[in-house]
Amino acid sequence: MHNFLLATGFGLVTASIIAISAVALSLQYSVTSVPNFAHGEVMMVGAYSAWVVSKHSASIPLEILVSIFFGAIVSWSINRFVLQPFLHRKAKNLVLFVLTIACSLILQNLVLLFFGGAPRAMVMSVGGVHHVGPFRFTGMGEFTIATAVVVCLLVHVVLKYTFFGKAQRAVADHRELARVSGIHADRTVGLTWLFAGGITGLSGFILAITIGSLTPTTGSAYLLVIFAAAVVGGIGQAYGAIIGSLVIGLTMEWSALYLPSDYKIFIAFGILITMLIVRPGGIITTRLRNVAE
Amino acid sequence: MLNYWVSVLTLGLIFAMATMGLNVKWGWAGELDLAMFGFIAVGAYVYGVVVLPPSKLPAPDHYILGLQWGFFPGLIIAMIVVSLLSLVVGAVALRKLRGDYFGIVTVAFVLCLAIFISQYTFLFDGFPGLDGVPQPFNGVLNLSPTGYGIFFFALTILFTFIAYFILELLANSQFGRALRSVREDQSAAMAYGRNVYVLKLKAYVIGSAVAGMSGAFFMAFMSAFNPYAWAPAETFLLFGAIFVGGSGNGRGVILGALFVFVAIQEITRLFPVLPGNAQASDALRFVIIGFLIIAVLWFRPQGLLPEVRDRDGEPGPTLKDRSISFRDGWVHRGQRIIRIANRSKSEAK
């Protein structure tokens with residue numbers, strides 16, 4: 001029982017990291033309908049830029065801001081300079097997917113070229129261990145969970161109560177209809193990449209300080225898990241991504257009680273496949289159900 | 001120097017085989033299979049364990065089989081095993097999934113496969129991998145190292161051509177045409193009574209079998225293989241080769257493979273090595289390939305050698321061509337039928 005509670009605590013922290021990233025991926029995927037293969041690389045860019053800052057100053061808020069900034073810039077540039085020109089040529093969706101793969105290849109190897117493949121230490125002074133209810137968390141874990149809650153609330157508020165959010169939902173539903181209704185679709189999509197990229201950069205930073213080190217493949221190693229969480233929750237559902245992350249994060253940590261921890265990713269894979277085949281709309285499906293069928 | 005170029009070209013041709021296999025999947029059927037390198041790896045491993053003597057490694061290192069059956073049985077068994085594996089993967093992944101989800105599932109599969117093979121040492125000896133795989137026919141021929149290199153090169157050329165001719169026959173058969181119709185418009189193919197799922201699955205298995213063959217050649221040539229030699233990202237190099245050469249064109253993809261795996265490899269070798277970064281030239285190669293994929297898709301999406309269209313010059317339904325075919329009488333007639341159908345619908349109301 002003790003181990004189970006411990007694993008649940010870990011699972012909650014893992015789920016929070018995944019949730020931050022999955023919310024961004026899910027939002028961007030639903031609005032732009034391009035599965036972003038370079039998502040893991042955007043995370044990594046955020047983390048590396050924070051690492052560069054941490055060399056010069058120990059200010060955590062500054063590191064967070066820098067990771068958000070560079071994540072947003074890179075993500076926006078991928079859309080503006082690679083995807084958008086192709087989209088205007090009416091490229092097929094699969095071609096856009098291939099383009100994000102090319103971007104991921106470029107970003108990952110540029111980092112490898114400039115920073116080398118050796119792991120970089122990324123440490124944050126960890127507060128002591130606290131008992132919260134039946135769980136035990138480090139200061140780091142609490143910080144991660146709090147960030148996840150804040151980010152998910154933010155995404156929810158933006159989607160629900162701002163004009164930008166309304167435009168995003170309109171574009172996600174039907175791009176052409178949104179356009180004839182007077183929504184600047186290109187601008188909305190660009191801002192979505194910017195917004196989602198910022199969150200992704202932040203999630204990369206959080207991932208790196210949780211693991212404690214950073215390599216050029218840190219982000220892409222988590223890509224599959226994040227995709228699984230976003231798909232389980234339902235693409236485009238902010239709350240869905242939270243539920244998906246909880247499902248994936250908790251099952252992965254619980255499975256580590258019985259299986260070697262390297263096999264954790266198998267669990268995520270199994271859940272991903274099962275969901276895609278049994279219920280491709282995700283756990284929460286409120287809209288598009290009738291349209292898709 | 002001769003040795004060097006022979007071995008570089010042999011490797012280039014081995015990757016050309018793999019690219020031909022991927023061309024069946026992407027070029028003919030439009031499947032974005034990102035698990036391709038997994039099938040090559042399994043082909044290499046299976047060839048290895050069929051050709052090697054039984055495992056005498058100290059526990060926990062171990063590999064299965066160890067049959068010492070020689071080159072041809074190894075090649076055939078590798079292709080069969082890879083086909084069966086891809087049949088299972090394809091049967092699940094192709095069933096219901098849209099193109100992009102299919103890609104994600106295949107990535108997930110290959111990542112899990114990589115972890116499984118590196119961790120489960122009983123199967124193919126985990127991280128150390130297999131080594132000391134005997135070179136095919138070397139015991140019989142008694143050639144000098146240079147002579148043997150040339151012999152193996154010739155063997156690779158022979159099998160590349162065999163694969164090329166079989167695939168060309170298939171491409172021009174009814175099966176190949178049906179597949180292209182699925183690629184262009186799945187719903188239309190279905191309306192003409194094609195079983196899209198079975199067609200796609202067949203293409204997936206055929207492509208994987210060719211990948212298994214290239215894996216077997218890779219193992220025979222390198223005589224060692226381990227998970228470090230195997231990055232799932234290598235699949236993107238194969239895609240780069242296809243885009244450069246021209247997807248759907250058999251000769252094009254061989255050309256593309258030679259360009260990506262020989263020319264770019266040799267060019268990046270010329271760059272100075274950065275101190276303290278051993279992976280720099282590899283990284284640079286991937287960066288170049290990434291930009292190359294984007295550039296080719298922008299400037300010449302059909303590749304160096306475009307896919308050969310039908311004999312009557314009927315253009316494929318790319319978007320640009322469709323605007324031309326609107327002038328075609330058939331389309332006019334089709335529109336009229338739709339108009340009539342719509343009118344009768346509104347009259348019914």
# chains A, B, ... in the order shown; residues from 1 in each chain; ligands from 1
call {"tool": "select_by_dssp", "arguments": {"residues": "segment 117-309 of chain B", "states": "strand (DSSP E)", "output": "MDAnalysis selection string"}}
result
chainID B and resid 130:131 224:225
call {"tool": "interface_residues", "arguments": {"of": "chain A", "to": "chain B", "cutoff": "6 Å", "atoms": "only C-alpha atoms", "output": "MDAnalysis selection string"}}
result
chainID A and resid 102 105:106 109 113 116
call {"tool": "write_last_selection", "arguments": {"atoms": "C-alpha atoms", "output": "short mmCIF file (atom, residue, chain, number, x, y, z; two decimals), in the first residue's frame"}}
result
data_model
loop_
_atom_site.label_atom_id
_atom_site.label_comp_id
_atom_site.auth_asym_id
_atom_site.auth_seq_id
_atom_site.Cartn_x
_atom_site.Cartn_y
_atom_site.Cartn_z
CA ALA A 102 11.76 17.66 -41.09
CA LEU A 105 15.08 16.69 -37.47
CA ILE A 106 16.59 20.12 -38.06
CA ASN A 109 20.38 18.19 -34.74
CA LEU A 113 25.59 20.52 -33.26
CA GLY A 116 26.82 18.44 -28.09
#
call {"tool": "select_by_dssp", "arguments": {"residues": "segment 32-140 of chain B", "states": "helix (DSSP H, G or I)", "output": "ChimeraX atom specification"}}
result
/B:36-51,71-93,99-119,121-124,138-140
call {"tool": "residues_around", "arguments": {"residues": "segment 216-223 of chain B", "least_positions_apart": "6", "cutoff": "8 Å", "atoms": "only C-alpha atoms", "output": "list in words"}}
result
Leu11, Ile14, Ile40, Gly43, Ala44, Tyr45, Val46, Tyr47, Gly48, Gly74, Leu75, Ala78, Asp131, Gly132, Val133, Pro134, Gln135, Pro136, Phe152 and Thr156 of chain B
call {"tool": "closest_residue", "arguments": {"among": "A:Ser49, A:Ser54, A:Thr210, A:Ser245", "to": "Gly233 of chain A", "atoms": "only C-alpha atoms"}}
result
A:Ser245
call {"tool": "residues_around", "arguments": {"residues": "segment 149-160 of chain A", "least_positions_apart": "2", "cutoff": "9 Å", "atoms": "only C-alpha atoms", "output": "number ranges by chain"}}
result
A: 16, 19-20, 23-24, 27, 144-147, 162-169, 199, 238-239, 241-242
call {"tool": "closest_residue", "arguments": {"among": "A:Ile101, A:Leu177, A:Leu87, A:Ala228", "to": "Gly270 of chain A", "atoms": "only C-alpha atoms"}}
result
A:Ala228
call {"tool": "closest_residue", "arguments": {"among": "B:Leu158, B:Val51, B:Leu94, B:Val262", "to": "Trp69 of chain B", "atoms": "only C-alpha atoms"}}
result
B:Val51
call {"tool": "atom_distance", "arguments": {"atom1": "atom CA of Pro73 of chain B", "atom2": "atom CA of Met17 of chain B"}}
result
18.7 Å
call {"tool": "atom_distance", "arguments": {"atom1": "atom CA of Phe124 of chain B", "atom2": "atom CA of Ala231 of chain B"}}
result
16.5 Å
call {"tool": "residues_around", "arguments": {"residues": "segment 184-192 of chain A", "least_positions_apart": "6", "cutoff": "9 Å", "atoms": "only C-alpha atoms", "output": "list in words"}}
result
Leu27, Gln28, Val31, Thr32, Trp76, Ser77, Asn79, Arg80, Gln84, Phe164, Ala167, Gln168, Val171, Arg175, Glu176 and Ala178 of chain A
call {"tool": "closest_atom_pairs", "arguments": {"of": "segment 112-200 of chain A", "to": "segment 60-72 of chain A", "cutoff": "6 Å", "atoms": "only C-alpha atoms", "output": "CSV"}}
result
residue,atom,partner,partner_atom,distance
A:Leu194,CA,A:Ala72,CA,4.6
A:Gly197,CA,A:Ala72,CA,4.0
A:Gly198,CA,A:Ala72,CA,4.1
call {"tool": "residues_around", "arguments": {"residues": "segment 191-206 of chain B", "least_positions_apart": "3", "cutoff": "6 Å", "atoms": "only C-alpha atoms", "output": "short mmCIF file (atom, residue, chain, number, x, y, z; two decimals) with N, CA and C atoms, in the first residue's frame"}}
result
data_model
loop_
_atom_site.label_atom_id
_atom_site.label_comp_id
_atom_site.auth_asym_id
_atom_site.auth_seq_id
_atom_site.Cartn_x
_atom_site.Cartn_y
_atom_site.Cartn_z
N LYS B 25 5.30 1.61 -49.81
CA LYS B 25 4.35 2.08 -48.79
C LYS B 25 3.94 3.53 -49.05
N SER B 83 7.95 -9.86 -42.74
CA SER B 83 6.61 -9.76 -43.32
C SER B 83 5.54 -10.07 -42.29
N SER B 86 5.20 -7.23 -39.87
CA SER B 86 4.53 -6.06 -40.44
C SER B 86 3.06 -6.37 -40.70
N LEU B 87 2.75 -7.65 -40.94
CA LEU B 87 1.34 -8.03 -41.11
C LEU B 87 0.56 -7.73 -39.84
N GLY B 90 0.51 -3.83 -39.34
CA GLY B 90 -0.37 -3.21 -40.32
C GLY B 90 -1.82 -3.56 -40.07
N ALA B 188 -13.14 7.08 -53.68
CA ALA B 188 -13.43 6.69 -55.05
C ALA B 188 -13.06 5.23 -55.28
N ALA B 209 8.79 -6.51 -46.46
CA ALA B 209 9.62 -7.64 -46.87
C ALA B 209 10.89 -7.13 -47.56
#
call {"tool": "decode", "arguments": {"residues": "segment 233-271 of chain B", "atoms": "C-alpha atoms", "output": "PDB file, in the first residue's frame"}}
result
ATOM      1  CA  ALA B 233      15.356   8.698 -36.936  1.00  0.00           C
ATOM      2  CA  GLU B 234      17.129   6.926 -39.805  1.00  0.00           C
ATOM      3  CA  THR B 235      13.678   6.358 -41.302  1.00  0.00           C
ATOM      4  CA  PHE B 236      13.606  10.079 -42.098  1.00  0.00           C
ATOM      5  CA  LEU B 237      16.727   9.664 -44.221  1.00  0.00           C
ATOM      6  CA  LEU B 238      14.822   7.081 -46.241  1.00  0.00           C
ATOM      7  CA  PHE B 239      11.968   9.543 -46.644  1.00  0.00           C
ATOM      8  CA  GLY B 240      14.466  12.204 -47.685  1.00  0.00           C
ATOM      9  CA  ALA B 241      15.757   9.807 -50.349  1.00  0.00           C
ATOM     10  CA  ILE B 242      12.228   9.197 -51.634  1.00  0.00           C
ATOM     11  CA  PHE B 243      11.337  12.886 -51.848  1.00  0.00           C
ATOM     12  CA  VAL B 244      14.572  13.775 -53.611  1.00  0.00           C
ATOM     13  CA  GLY B 245      14.331  10.912 -56.084  1.00  0.00           C
ATOM     14  CA  GLY B 246      10.610  11.146 -56.781  1.00  0.00           C
ATOM     15  CA  SER B 247       8.013   9.163 -54.851  1.00  0.00           C
ATOM     16  CA  GLY B 248       6.400   6.449 -56.910  1.00  0.00           C
ATOM     17  CA  ASN B 249       9.261   6.181 -59.398  1.00  0.00           C
ATOM     18  CA  GLY B 250      11.402   3.058 -58.943  1.00  0.00           C
ATOM     19  CA  ARG B 251      14.485   4.450 -60.659  1.00  0.00           C
ATOM     20  CA  GLY B 252      13.991   7.785 -58.928  1.00  0.00           C
ATOM     21  CA  VAL B 253      14.112   6.372 -55.426  1.00  0.00           C
ATOM     22  CA  ILE B 254      17.335   4.443 -56.163  1.00  0.00           C
ATOM     23  CA  LEU B 255      18.839   7.693 -57.389  1.00  0.00           C
ATOM     24  CA  GLY B 256      17.539   9.492 -54.310  1.00  0.00           C
ATOM     25  CA  ALA B 257      18.997   6.850 -51.999  1.00  0.00           C
ATOM     26  CA  LEU B 258      22.408   7.109 -53.660  1.00  0.00           C
ATOM     27  CA  PHE B 259      22.206  10.898 -53.345  1.00  0.00           C
ATOM     28  CA  VAL B 260      21.260  10.902 -49.660  1.00  0.00           C
ATOM     29  CA  PHE B 261      23.334   7.949 -48.476  1.00  0.00           C
ATOM     30  CA  VAL B 262      26.411   8.394 -50.667  1.00  0.00           C
ATOM     31  CA  ALA B 263      26.684  11.981 -51.905  1.00  0.00           C
ATOM     32  CA  ILE B 264      25.558  13.812 -48.763  1.00  0.00           C
ATOM     33  CA  GLN B 265      27.461  11.381 -46.577  1.00  0.00           C
ATOM     34  CA  GLU B 266      30.652  12.107 -48.489  1.00  0.00           C
ATOM     35  CA  ILE B 267      30.046  15.856 -48.517  1.00  0.00           C
ATOM     36  CA  THR B 268      29.516  16.078 -44.759  1.00  0.00           C
ATOM     37  CA  ARG B 269      32.675  14.052 -44.276  1.00  0.00           C
ATOM     38  CA  LEU B 270      34.621  16.928 -45.817  1.00  0.00           C
ATOM     39  CA  PHE B 271      33.545  19.402 -43.128  1.00  0.00           C
TER      40      PHE B 271
END
